[in-house]
file query02.txt (compact mmCIF, C-alpha atoms and all ligand atoms)
# COMPACT_ATOMS: atom_id res chain seq x y z
CA MET H 5 192.84 26.65 104.63
CA ILE H 6 194.51 27.86 107.79
CA ILE H 7 197.08 25.41 109.14
CA THR H 8 198.22 25.77 112.72
CA ASP H 9 198.79 23.71 115.87
CA SER H 10 196.57 23.26 118.89
CA ALA H 11 198.65 25.52 121.17
CA ILE H 12 198.45 28.45 118.74
CA ALA H 13 194.75 27.79 118.22
CA GLN H 14 194.19 28.13 121.97
CA SER H 15 196.60 30.99 122.57
CA GLY H 16 194.51 33.83 121.15
CA ILE H 17 196.89 34.29 118.21
CA LEU H 18 194.62 32.39 115.85
CA GLU H 19 191.73 34.63 116.80
CA ARG H 20 193.74 37.75 116.03
CA VAL H 21 194.29 36.44 112.53
CA THR H 22 190.83 35.07 111.82
CA HIS H 23 189.29 38.28 113.15
CA MET H 24 190.99 40.16 110.31
CA LEU H 25 189.92 37.61 107.71
CA LYS H 26 186.33 37.57 108.91
CA ASP H 27 184.39 38.94 105.98
CA ALA H 28 187.17 39.03 103.44
CA VAL H 29 187.65 35.37 102.56
CA GLU H 30 186.08 32.03 103.29
CA TRP H 31 188.38 29.85 105.33
CA GLU H 32 188.57 26.53 107.10
CA LEU H 33 190.80 25.52 109.95
CA PHE H 34 193.19 22.62 110.46
CA ASP H 35 194.72 22.94 113.93
CA GLY H 36 196.39 19.54 114.08
CA ALA H 37 199.83 20.32 112.66
CA PRO H 38 202.28 18.15 114.62
CA ALA H 39 205.50 19.37 116.23
CA GLU H 40 208.58 18.52 114.15
CA PRO H 41 206.56 16.64 111.50
CA LYS H 42 207.29 13.18 110.16
CA ASN H 43 206.52 12.13 106.58
CA THR H 44 203.84 9.78 107.95
CA ASP H 45 202.06 12.71 109.70
CA VAL H 46 201.65 14.37 106.33
CA ASP H 47 200.68 11.18 104.50
CA GLU H 48 198.05 10.37 107.14
CA GLN H 49 196.37 13.78 106.71
CA LYS H 50 196.55 14.14 102.95
CA GLU H 51 192.96 12.93 102.31
CA ARG H 52 191.72 15.65 104.66
CA PHE H 53 193.00 18.35 102.30
CA GLY H 54 191.99 17.07 98.87
CA SER H 55 192.82 19.71 96.27
CA ASP H 56 190.04 22.21 96.73
CA TYR H 57 191.66 25.21 98.38
CA ASP H 58 192.95 28.40 96.75
CA ALA H 59 195.74 29.02 99.23
CA LEU H 60 197.21 27.82 102.51
CA LEU H 61 197.85 30.12 105.43
CA ALA H 62 200.40 28.65 107.85
CA LEU H 63 200.32 30.18 111.30
CA GLY H 64 202.88 29.09 113.90
CA GLY H 65 206.49 28.06 114.17
CA GLY H 66 208.51 26.03 111.72
CA SER H 67 206.42 22.92 112.33
CA PRO H 68 203.06 24.23 110.97
CA MET H 69 204.85 26.17 108.22
CA ASP H 70 206.73 23.06 107.07
CA PHE H 71 203.60 20.93 107.41
CA ALA H 72 201.75 23.37 105.13
CA LYS H 73 204.53 23.29 102.53
CA ALA H 74 204.49 19.48 102.56
CA ILE H 75 200.69 19.33 102.26
CA ALA H 76 200.80 21.82 99.37
CA ILE H 77 203.11 19.47 97.45
CA ILE H 78 200.83 16.47 97.93
CA MET H 79 197.71 18.52 97.10
CA ALA H 80 199.19 19.58 93.78
CA HIS H 81 201.09 16.48 92.75
CA GLY H 82 199.69 13.49 94.72
CA GLY H 83 201.68 10.54 96.04
CA SER H 84 203.49 10.42 99.38
CA LEU H 85 205.87 12.93 100.91
CA GLY H 86 208.77 10.46 100.66
CA ASP H 87 208.46 10.68 96.83
CA TYR H 88 209.71 14.26 96.95
CA LEU H 89 212.80 13.93 99.11
CA GLY H 90 215.78 16.14 98.33
CA GLU H 91 216.19 18.87 95.78
CA GLY H 92 214.44 19.37 92.48
CA SER H 93 211.86 16.61 92.93
CA VAL H 94 208.74 18.81 93.08
CA PRO H 95 207.60 18.77 89.45
CA GLY H 96 205.64 22.04 89.29
CA PRO H 97 203.82 24.84 91.12
CA VAL H 98 201.75 24.38 94.26
CA ILE H 99 198.97 26.65 95.54
CA PRO H 100 200.17 29.87 97.17
CA ILE H 101 201.44 29.51 100.73
CA VAL H 102 201.16 32.45 103.10
CA CYS H 103 203.19 32.24 106.31
CA ILE H 104 202.78 34.04 109.60
CA PRO H 105 205.57 32.92 111.93
CA THR H 106 204.96 32.96 115.68
CA THR H 107 208.48 31.90 116.69
CA SER H 108 211.72 33.68 115.82
CA GLY H 109 213.68 30.75 114.61
CA THR H 110 213.47 28.65 111.49
CA GLY H 111 212.98 31.36 108.89
CA SER H 112 210.75 28.83 107.13
CA GLN H 113 208.52 31.76 106.09
CA ASN H 114 211.41 32.71 103.85
CA THR H 115 212.85 29.38 102.71
CA GLN H 116 212.16 26.97 99.88
CA THR H 117 212.40 23.97 102.20
CA THR H 118 210.17 21.73 104.26
CA VAL H 119 211.89 19.60 106.91
CA PHE H 120 210.50 16.25 108.11
CA THR H 121 211.68 13.04 109.72
CA ILE H 122 211.65 10.00 107.49
CA GLU H 123 212.83 6.56 108.66
CA GLY H 124 214.43 8.07 111.76
CA VAL H 125 216.44 10.72 109.92
CA LYS H 126 215.53 14.38 109.61
CA ARG H 127 215.54 15.16 105.90
CA GLY H 128 213.76 17.63 103.71
CA THR H 129 212.44 18.71 100.36
CA SER H 130 213.66 21.88 98.71
CA SER H 131 212.12 23.56 95.72
CA GLU H 132 211.44 27.14 94.64
CA TYR H 133 207.83 26.03 94.09
CA ILE H 134 207.29 25.86 97.86
CA ARG H 135 208.85 29.17 98.82
CA PRO H 136 205.99 31.10 100.48
CA ALA H 137 204.24 33.63 98.26
CA VAL H 138 203.77 36.09 101.11
CA SER H 139 204.98 36.21 104.71
CA ILE H 140 203.89 38.50 107.48
CA VAL H 141 206.54 38.75 110.17
CA ASP H 142 205.13 40.51 113.20
CA PRO H 143 207.15 40.47 116.44
CA GLU H 144 203.95 41.16 118.40
CA LEU H 145 202.99 37.54 117.80
CA THR H 146 206.11 36.38 119.65
CA MET H 147 205.59 38.47 122.80
CA GLU H 148 204.04 35.56 124.71
CA LEU H 149 206.36 32.91 123.30
CA PRO H 150 207.46 30.83 126.32
CA SER H 151 211.07 31.25 127.38
CA LEU H 152 211.99 27.66 126.51
CA VAL H 153 210.62 27.92 122.95
CA THR H 154 212.27 31.34 122.59
CA ARG H 155 215.55 29.73 123.61
CA ASN H 156 215.23 26.71 121.32
CA SER H 157 213.95 28.48 118.22
CA GLY H 158 216.32 31.41 118.78
CA TYR H 159 219.33 29.11 118.76
CA ASP H 160 218.20 27.83 115.36
CA ALA H 161 218.14 31.39 114.03
CA LEU H 162 221.54 32.11 115.56
CA MET H 163 223.05 29.02 113.96
CA HIS H 164 221.45 29.86 110.58
CA SER H 165 223.14 33.25 110.65
CA CYS H 166 226.52 31.71 111.60
CA GLU H 167 226.50 28.76 109.24
CA SER H 168 225.20 30.80 106.34
CA PHE H 169 228.03 33.28 106.81
CA LEU H 170 230.59 30.49 107.20
CA ALA H 171 229.33 28.41 104.26
CA ARG H 172 231.84 27.39 101.62
CA PRO H 173 232.17 30.13 98.96
CA HIS H 174 229.88 29.49 96.01
CA SER H 175 232.79 29.25 93.57
CA HIS H 176 234.06 26.21 95.52
CA VAL H 177 230.81 24.27 95.67
CA ALA H 178 230.79 21.28 93.34
CA GLU H 179 228.11 21.34 90.60
CA ARG H 180 227.69 25.13 90.94
CA SER H 181 224.06 24.56 91.86
CA ILE H 182 221.59 27.43 92.30
CA LEU H 183 219.88 25.85 95.30
CA TYR H 184 222.16 26.07 98.35
CA GLN H 185 224.87 27.51 96.18
CA GLY H 186 227.39 28.39 98.88
CA SER H 187 228.09 31.76 100.46
CA ASN H 188 228.06 34.79 98.20
CA PRO H 189 227.97 38.57 98.68
CA PHE H 190 224.16 38.57 98.94
CA SER H 191 223.92 35.83 101.57
CA ARG H 192 226.96 37.03 103.54
CA SER H 193 225.62 40.54 103.98
CA LEU H 194 222.23 39.20 105.09
CA SER H 195 223.76 36.69 107.47
CA LEU H 196 226.04 39.27 109.11
CA GLU H 197 223.13 41.64 109.66
CA ALA H 198 221.12 38.72 111.04
CA PHE H 199 223.97 37.69 113.34
CA ARG H 200 224.26 41.25 114.69
CA SER H 201 220.55 41.43 115.49
CA ILE H 202 220.44 38.00 117.07
CA TRP H 203 223.66 38.13 119.08
CA GLY H 204 222.62 41.50 120.52
CA SER H 205 219.14 40.41 121.65
CA TYR H 206 218.89 36.66 122.01
CA ARG H 207 219.70 36.40 125.73
CA ARG H 208 217.32 39.25 126.51
CA ALA H 209 214.51 37.70 124.48
CA VAL H 210 214.91 34.49 126.50
CA THR H 211 215.14 36.10 129.94
CA GLU H 212 212.90 39.16 129.41
CA GLY H 213 210.27 38.00 126.94
CA HIS H 214 208.30 41.24 127.09
CA ASP H 215 211.21 43.33 125.87
CA ARG H 216 209.81 44.61 122.56
CA GLY H 217 213.20 45.62 121.19
CA ALA H 218 214.63 42.15 121.77
CA ARG H 219 211.60 40.50 120.18
CA MET H 220 211.84 42.83 117.19
CA ASP H 221 215.53 42.02 116.70
CA MET H 222 214.87 38.29 116.93
CA SER H 223 212.03 38.47 114.38
CA LEU H 224 214.17 40.48 111.99
CA GLY H 225 217.31 38.42 112.58
CA SER H 226 215.57 35.07 112.13
CA HIS H 227 213.88 36.31 108.97
CA LEU H 228 217.09 37.62 107.40
CA ALA H 229 218.96 34.48 108.43
CA GLY H 230 216.31 32.33 106.70
CA LEU H 231 216.67 34.30 103.50
CA ALA H 232 220.47 34.11 103.73
CA PHE H 233 220.76 30.37 104.24
CA SER H 234 218.06 29.57 101.70
CA HIS H 235 220.59 30.85 99.16
CA SER H 236 223.94 29.88 100.68
CA GLY H 237 223.13 26.64 102.47
CA LEU H 238 224.39 25.70 105.93
CA GLY H 239 227.06 23.39 107.31
CA LEU H 240 228.17 20.65 109.63
CA VAL H 241 226.40 21.77 112.81
CA HIS H 242 223.07 21.53 110.99
CA ALA H 243 224.00 18.23 109.36
CA LEU H 244 224.93 16.71 112.75
CA ALA H 245 221.84 18.17 114.43
CA SER H 246 219.54 16.82 111.73
CA ALA H 247 221.10 13.39 112.21
CA LEU H 248 220.76 13.66 115.98
CA GLY H 249 217.19 14.96 115.68
CA GLY H 250 216.16 11.76 113.95
CA MET H 251 217.75 9.64 116.71
CA VAL H 252 216.41 11.41 119.80
CA ASP H 253 213.15 13.16 120.53
CA GLU H 254 214.48 16.67 121.13
CA PRO H 255 213.68 20.00 119.45
CA HIS H 256 215.87 21.13 116.53
CA GLY H 257 217.41 23.97 118.58
CA VAL H 258 218.47 21.60 121.37
CA CYS H 259 220.09 19.24 118.85
CA LEU H 260 221.94 22.17 117.30
CA ALA H 261 223.29 23.26 120.66
CA ALA H 262 224.39 19.70 121.51
CA CYS H 263 226.30 19.48 118.21
CA THR H 264 227.84 22.96 118.21
CA GLY H 265 231.10 21.90 119.90
CA ILE H 266 231.76 19.05 117.47
CA GLY H 267 230.82 21.06 114.37
CA LEU H 268 232.69 24.27 115.15
CA LYS H 269 235.84 22.57 116.40
CA TYR H 270 235.97 20.39 113.29
CA ASN H 271 235.69 23.50 111.10
CA LEU H 272 237.99 25.76 113.13
CA GLY H 273 241.13 25.37 111.01
CA ALA H 274 239.18 25.91 107.78
CA CYS H 275 237.57 29.21 108.73
CA GLU H 276 239.77 31.04 111.17
CA LYS H 277 239.26 34.40 109.46
CA ASP H 278 235.49 34.14 109.34
CA PHE H 279 235.24 32.90 112.94
CA ALA H 280 237.28 35.98 113.91
CA VAL H 281 234.87 38.25 111.99
CA LEU H 282 232.01 36.89 114.09
CA ALA H 283 234.13 37.21 117.25
CA GLY H 284 234.68 40.86 116.31
CA ILE H 285 230.94 41.51 116.15
CA MET H 286 230.48 39.72 119.49
CA SER H 287 233.18 41.87 121.03
CA GLU H 288 231.60 45.10 119.71
CA ILE H 289 228.17 44.16 121.03
CA ASP H 290 229.36 42.75 124.36
CA LYS H 291 231.88 45.60 124.75
CA THR H 292 234.75 43.24 125.50
CA SER H 293 238.39 44.01 124.87
CA PRO H 294 239.66 43.70 121.27
CA SER H 295 242.11 41.05 122.53
CA ASN H 296 239.06 38.79 122.67
CA VAL H 297 238.77 38.76 118.90
CA SER H 298 240.00 35.43 117.57
CA ALA H 299 238.60 32.30 115.98
CA GLU H 300 238.91 30.49 119.31
CA THR H 301 236.96 33.13 121.22
CA TYR H 302 234.11 32.82 118.72
CA VAL H 303 233.86 29.10 119.55
CA GLU H 304 234.21 29.73 123.29
CA ASN H 305 231.55 32.46 123.24
CA MET H 306 229.12 30.21 121.39
CA LEU H 307 229.67 27.38 123.87
CA ASP H 308 229.40 29.74 126.85
CA LEU H 309 226.11 31.11 125.56
CA ALA H 310 224.66 27.63 125.12
CA ARG H 311 225.82 26.65 128.62
CA ASP H 312 224.41 29.85 130.17
CA LEU H 313 221.04 29.15 128.59
CA GLY H 314 221.00 25.63 129.98
CA PHE H 315 221.39 23.73 126.71
CA PRO H 316 223.01 20.29 126.60
CA SER H 317 226.60 20.70 125.45
CA ARG H 318 227.07 17.27 123.86
CA PRO H 319 224.93 14.55 122.28
CA SER H 320 225.37 12.21 125.27
CA GLU H 321 223.40 14.73 127.35
CA VAL H 322 220.35 14.00 125.20
CA GLY H 323 220.75 10.23 125.31
CA LEU H 324 223.43 9.17 122.82
CA GLU H 325 226.17 6.78 123.88
CA LYS H 326 229.79 6.45 122.78
CA GLY H 327 228.77 3.46 120.67
CA ASP H 328 226.40 5.66 118.62
CA ALA H 329 229.25 7.63 117.02
CA GLU H 330 229.27 5.67 113.76
CA LYS H 331 225.50 5.88 113.38
CA LEU H 332 225.61 9.62 114.01
CA LEU H 333 228.32 9.92 111.37
CA LYS H 334 226.38 7.79 108.86
CA ASN H 335 223.19 9.82 109.37
CA THR H 336 225.19 13.05 109.08
CA LEU H 337 226.75 12.08 105.77
CA VAL H 338 223.32 11.68 104.15
CA GLN H 339 222.58 15.36 104.88
CA THR H 340 224.15 16.29 101.56
CA ARG H 341 222.30 19.59 101.23
CA ARG H 342 224.13 20.68 104.38
CA THR H 343 227.48 18.95 103.95
CA LYS H 344 228.13 20.19 100.41
CA THR H 345 228.36 23.77 101.69
CA ASN H 346 230.35 23.00 104.84
CA PRO H 347 233.56 25.05 104.73
CA ARG H 348 235.72 21.97 105.33
CA ASP H 349 235.47 18.69 103.41
CA LEU H 350 234.25 15.84 105.58
CA ASP H 351 237.17 13.45 106.05
CA ASP H 352 238.16 10.59 108.37
CA GLU H 353 238.86 12.99 111.21
CA LEU H 354 235.15 13.68 111.60
CA LEU H 355 234.58 10.33 113.28
CA LEU H 356 237.31 11.14 115.81
CA HIS H 357 235.68 14.51 116.53
CA ILE H 358 232.29 12.83 116.96
CA GLU H 359 233.71 10.14 119.28
CA LYS H 360 235.44 12.76 121.38
CA GLY H 361 232.50 15.17 121.30
CA ILE H 362 229.73 12.72 122.14
N1 LIG I 1 211.85 24.87 106.61
C1 LIG I 1 212.98 25.34 107.07
O1 LIG I 1 213.69 26.02 106.35
C2 LIG I 1 213.39 25.01 108.47
C3 LIG I 1 214.56 25.55 109.00
C4 LIG I 1 214.92 25.23 110.30
C5 LIG I 1 214.11 24.38 111.06
N2 LIG I 1 212.99 23.85 110.52
C6 LIG I 1 212.09 22.95 111.28
O2 LIG I 1 211.16 23.71 112.04
C7 LIG I 1 210.73 22.96 113.18
C8 LIG I 1 210.88 23.75 114.47
O3 LIG I 1 210.12 24.94 114.41
P1 LIG I 1 210.08 26.00 115.63
O4 LIG I 1 211.39 25.99 116.31
O5 LIG I 1 209.58 27.28 115.10
O6 LIG I 1 209.07 25.35 116.68
P2 LIG I 1 207.62 24.66 116.52
O7 LIG I 1 206.85 25.16 115.37
O8 LIG I 1 207.85 23.18 116.60
O9 LIG I 1 206.90 25.17 117.87
C9 LIG I 1 207.37 24.80 119.16
C10 LIG I 1 206.26 24.98 120.20
O10 LIG I 1 206.02 26.37 120.42
C11 LIG I 1 204.63 26.66 120.38
N3 LIG I 1 204.48 28.05 119.92
C12 LIG I 1 204.86 28.55 118.71
N4 LIG I 1 204.65 29.88 118.67
C13 LIG I 1 204.10 30.24 119.87
C14 LIG I 1 203.67 31.50 120.43
N5 LIG I 1 203.82 32.65 119.77
N6 LIG I 1 203.18 31.49 121.68
C15 LIG I 1 203.08 30.33 122.38
N7 LIG I 1 203.50 29.11 121.92
C16 LIG I 1 204.00 29.08 120.67
C17 LIG I 1 204.07 25.63 119.42
O11 LIG I 1 202.70 25.43 119.63
C18 LIG I 1 204.91 24.40 119.79
O12 LIG I 1 204.35 23.76 120.91
C19 LIG I 1 211.60 21.70 113.18
O13 LIG I 1 210.88 20.63 112.61
C20 LIG I 1 212.77 22.09 112.31
O14 LIG I 1 213.43 20.97 111.76
C21 LIG I 1 212.62 24.19 109.25
FE FE I 2 217.82 25.12 111.44

call {"tool": "encode", "arguments": {"input": "query02.txt", "output": "structure tokens"}}
result
Amino acid sequence: MIITDSAIAQSGILERVTHMLKDAVEWELFDGAPAEPKNTDVDEQKERFGSDYDALLALGGGSPMDFAKAIAIIMAHGGSLGDYLGEGSVPGPVIPIVCIPTTSGTGSQNTQTTVFTIEGVKRGTSSEYIRPAVSIVDPELTMELPSLVTRNSGYDALMHSCESFLARPHSHVAERSILYQGSNPFSRSLSLEAFRSIWGSYRRAVTEGHDRGARMDMSLGSHLAGLAFSHSGLGLVHALASALGGMVDEPHGVCLAACTGIGLKYNLGACEKDFAVLAGIMSEIDKTSPSNVSAETYVENMLDLARDLGFPSRPSEVGLEKGDAEKLLKNTLVQTRRTKTNPRDLDDELLLHIEKGI
């Protein structure tokens, strides 16, 4: 079963894939994968899939890939998607999932997670059983990606590379879990390489979409970042953005940008050295003076980039009000798979940062 969305189905990309499958395998098409899926979207479609397919091929951005992972769980184990929330709740294998990403963002083709909104909060299910069996990452498929989607999905990849690198070291993560274990030499090297690729090419991919080199770097960077964070976990910016994403109808990348100021400023004191490492890479790529290498310049450069690309710089620019601070905090604290690897413990000061940053 090929799972995609209607825009990909009409864009010519689907045809390029089905043309290759033509006489090799029998396939059917589901082109109704919703953008940023909700648990109810999956539950409503589950009858359509039954349990009769040998494999799923997800073609598209994070939304169709995550939809396919969620459907695979229900096909194999029944019930509703809400039954499988969190980590370790998928009881056994699912049919093989093959992913062909058409955005350079989520890295879902490389992760063991499906993200969906449930009761107004973006949550997810993580399990090694849903890590794709095979992924084909071809930058050619992103050449016609509209500038706005390039911007939004690219910011996701950028923030994966940053937050994976900055994640709390694995030896300091409570429970010493395997899933989202904290940063480690494997994830840190992948995330740095991802950050280099993305920082060097993201603006160009947004403004000059036909630049092959930029598209290649974004495909590679987003893929490596997905692999990195699927091991290390992420941090506060993602936790805040997932909370915000359940409260307003905005793409994941936009929510991340709107929460970057709050998240990075809260973490600043806890990761000055690592912020400066990222500032050093920025300075090398942007050819700025070495005096620009400090934790503060990392934060400033990130905020400048988001502003230059026209992102909202705070949650109030996407509809939140001062009075929503406590709800945003409450919905952030339930994002435990993100908060447990944040480099700084979440304490009472977070509410002050949210109130100020909204
Ligand atoms: N599973 C994970 O590990 C993970 C990680 C991060 C984010 N996510 C989730 O992924 C989702 C976002 O995914 P996304 O940013 O890739 O966007 P998306 O899949 O929602 O796609 C955005 C839009 O771009 C269009 N599009 C995609 N590729 C195109 C192409 N090549 N040409 C033309 N149009 C194209 C789609 O049709 C859609 O309209 C969110 O739900 C987010 O929470 C998942
Ligand atoms: Fe993300």

call {"tool": "closest_residue", "arguments": {"input": "query02.txt", "among": "H:Cys166, H:Val94, H:Ala161, H:Leu337", "to": "ligand FE 2 (chain I)", "atoms": "all atoms listed in the file"}}
result
H:Ala161

call {"tool": "closest_atom_pairs", "arguments": {"input": "query02.txt", "of": "chain H", "to": "ligand LIG 1 (chain I)", "cutoff": "7 Å", "atoms": "all atoms listed in the file", "output": "Markdown table"}}
result
| residue | atom | partner | partner_atom | distance |
| --- | --- | --- | --- | --- |
| H:Asp9 | CA | I:LIG1 | O11 | 5.7 |
| H:Ser10 | CA | I:LIG1 | O11 | 6.5 |
| H:Ala11 | CA | I:LIG1 | O11 | 4.3 |
| H:Ile12 | CA | I:LIG1 | O11 | 5.3 |
| H:Ser15 | CA | I:LIG1 | C15 | 6.5 |
| H:Ala39 | CA | I:LIG1 | O8 | 4.5 |
| H:Glu40 | CA | I:LIG1 | O13 | 3.5 |
| H:Pro41 | CA | I:LIG1 | O13 | 6.0 |
| H:Gly64 | CA | I:LIG1 | N4 | 5.1 |
| H:Gly65 | CA | I:LIG1 | O7 | 3.2 |
| H:Gly66 | CA | I:LIG1 | O3 | 3.3 |
| H:Ser67 | CA | I:LIG1 | O7 | 3.8 |
| H:Pro68 | CA | I:LIG1 | O7 | 5.9 |
| H:Asp70 | CA | I:LIG1 | N1 | 5.4 |
| H:Thr106 | CA | I:LIG1 | N5 | 4.3 |
| H:Thr107 | CA | I:LIG1 | N4 | 4.8 |
| H:Ser108 | CA | I:LIG1 | O5 | 6.8 |
| H:Gly109 | CA | I:LIG1 | O5 | 5.4 |
| H:Thr110 | CA | I:LIG1 | C4 | 3.9 |
| H:Gly111 | CA | I:LIG1 | O1 | 6.0 |
| H:Ser112 | CA | I:LIG1 | O1 | 4.1 |
| H:Thr115 | CA | I:LIG1 | O1 | 5.0 |
| H:Gln116 | CA | I:LIG1 | O1 | 6.7 |
| H:Thr117 | CA | I:LIG1 | N1 | 4.5 |
| H:Thr118 | CA | I:LIG1 | N1 | 4.3 |
| H:Val119 | CA | I:LIG1 | C21 | 5.2 |
| H:Phe120 | CA | I:LIG1 | O13 | 6.3 |
| H:Leu145 | CA | I:LIG1 | N5 | 5.3 |
| H:Thr146 | CA | I:LIG1 | N5 | 4.4 |
| H:Met147 | CA | I:LIG1 | N5 | 6.8 |
| H:Glu148 | CA | I:LIG1 | N6 | 5.1 |
| H:Leu149 | CA | I:LIG1 | N6 | 3.8 |
| H:Pro150 | CA | I:LIG1 | C15 | 5.9 |
| H:Val153 | CA | I:LIG1 | O10 | 5.5 |
| H:Asn156 | CA | I:LIG1 | O4 | 6.4 |
| H:Ser157 | CA | I:LIG1 | O4 | 4.0 |
| H:Asp160 | CA | I:LIG1 | C4 | 6.6 |
| H:Gly230 | CA | I:LIG1 | O1 | 6.8 |
| H:Pro255 | CA | I:LIG1 | C19 | 6.8 |
| H:His256 | CA | I:LIG1 | C20 | 5.3 |
| H:Gly257 | CA | I:LIG1 | O4 | 6.7 |

call {"tool": "atom_distance", "arguments": {"input": "query02.txt", "atom1": "atom CA of H:Gly204", "atom2": "atom CA of H:Pro143"}}
result
16.0 Å

call {"tool": "atom_distance", "arguments": {"input": "query02.txt", "atom1": "atom CA of H:Asn305", "atom2": "atom CA of H:Ser287"}}
result
9.8 Å

call {"tool": "atom_distance", "arguments": {"input": "query02.txt", "atom1": "atom CA of H:Leu282", "atom2": "atom CA of H:Ser223"}}
result
20.0 Å

call {"tool": "residues_around", "arguments": {"input": "query02.txt", "residues": "H:Gln113", "least_positions_apart": "4", "cutoff": "8 Å", "atoms": "all atoms listed in the file", "output": "ChimeraX atom specification"}}
result
/H:69,102-105,135-136,139,227,230

call {"tool": "write_last_selection", "arguments": {"input": "query02.txt", "atoms": "C-alpha atoms", "output": "PDB file, keeping the file's coordinate frame"}}
result
ATOM      1  CA  MET H  69     204.850  26.170 108.220  1.00  0.00           C
ATOM      2  CA  VAL H 102     201.160  32.450 103.100  1.00  0.00           C
ATOM      3  CA  CYS H 103     203.190  32.240 106.310  1.00  0.00           C
ATOM      4  CA  ILE H 104     202.780  34.040 109.600  1.00  0.00           C
ATOM      5  CA  PRO H 105     205.570  32.920 111.930  1.00  0.00           C
ATOM      6  CA  ARG H 135     208.850  29.170  98.820  1.00  0.00           C
ATOM      7  CA  PRO H 136     205.990  31.100 100.480  1.00  0.00           C
ATOM      8  CA  SER H 139     204.980  36.210 104.710  1.00  0.00           C
ATOM      9  CA  HIS H 227     213.880  36.310 108.970  1.00  0.00           C
ATOM     10  CA  GLY H 230     216.310  32.330 106.700  1.00  0.00           C
TER      11      GLY H 230
END

call {"tool": "residues_around", "arguments": {"input": "query02.txt", "residues": "H:Lys126", "least_positions_apart": "5", "cutoff": "10 Å", "atoms": "only C-alpha atoms", "output": "MDAnalysis selection string"}}
result
chainID H and resid 40:43 119:121 243 245:251 256 335:336 338:339

call {"tool": "residues_around", "arguments": {"input": "query02.txt", "residues": "H:Ser181", "least_positions_apart": "3", "cutoff": "12 Å", "atoms": "all atoms listed in the file", "output": "list in words"}}
result
Glu91, Gly92, His174, Ser175, His176, Val177, Ala178, Tyr184, Gln185, Gly186, Ser187, His235, Ser236, Gly237, Arg341, Lys344 and Thr345 of chain H

call {"tool": "closest_residue", "arguments": {"input": "query02.txt", "among": "H:Asp290, H:Glu330, H:Asp352, H:Asp215", "to": "H:Leu244", "atoms": "all atoms listed in the file"}}
result
H:Glu330
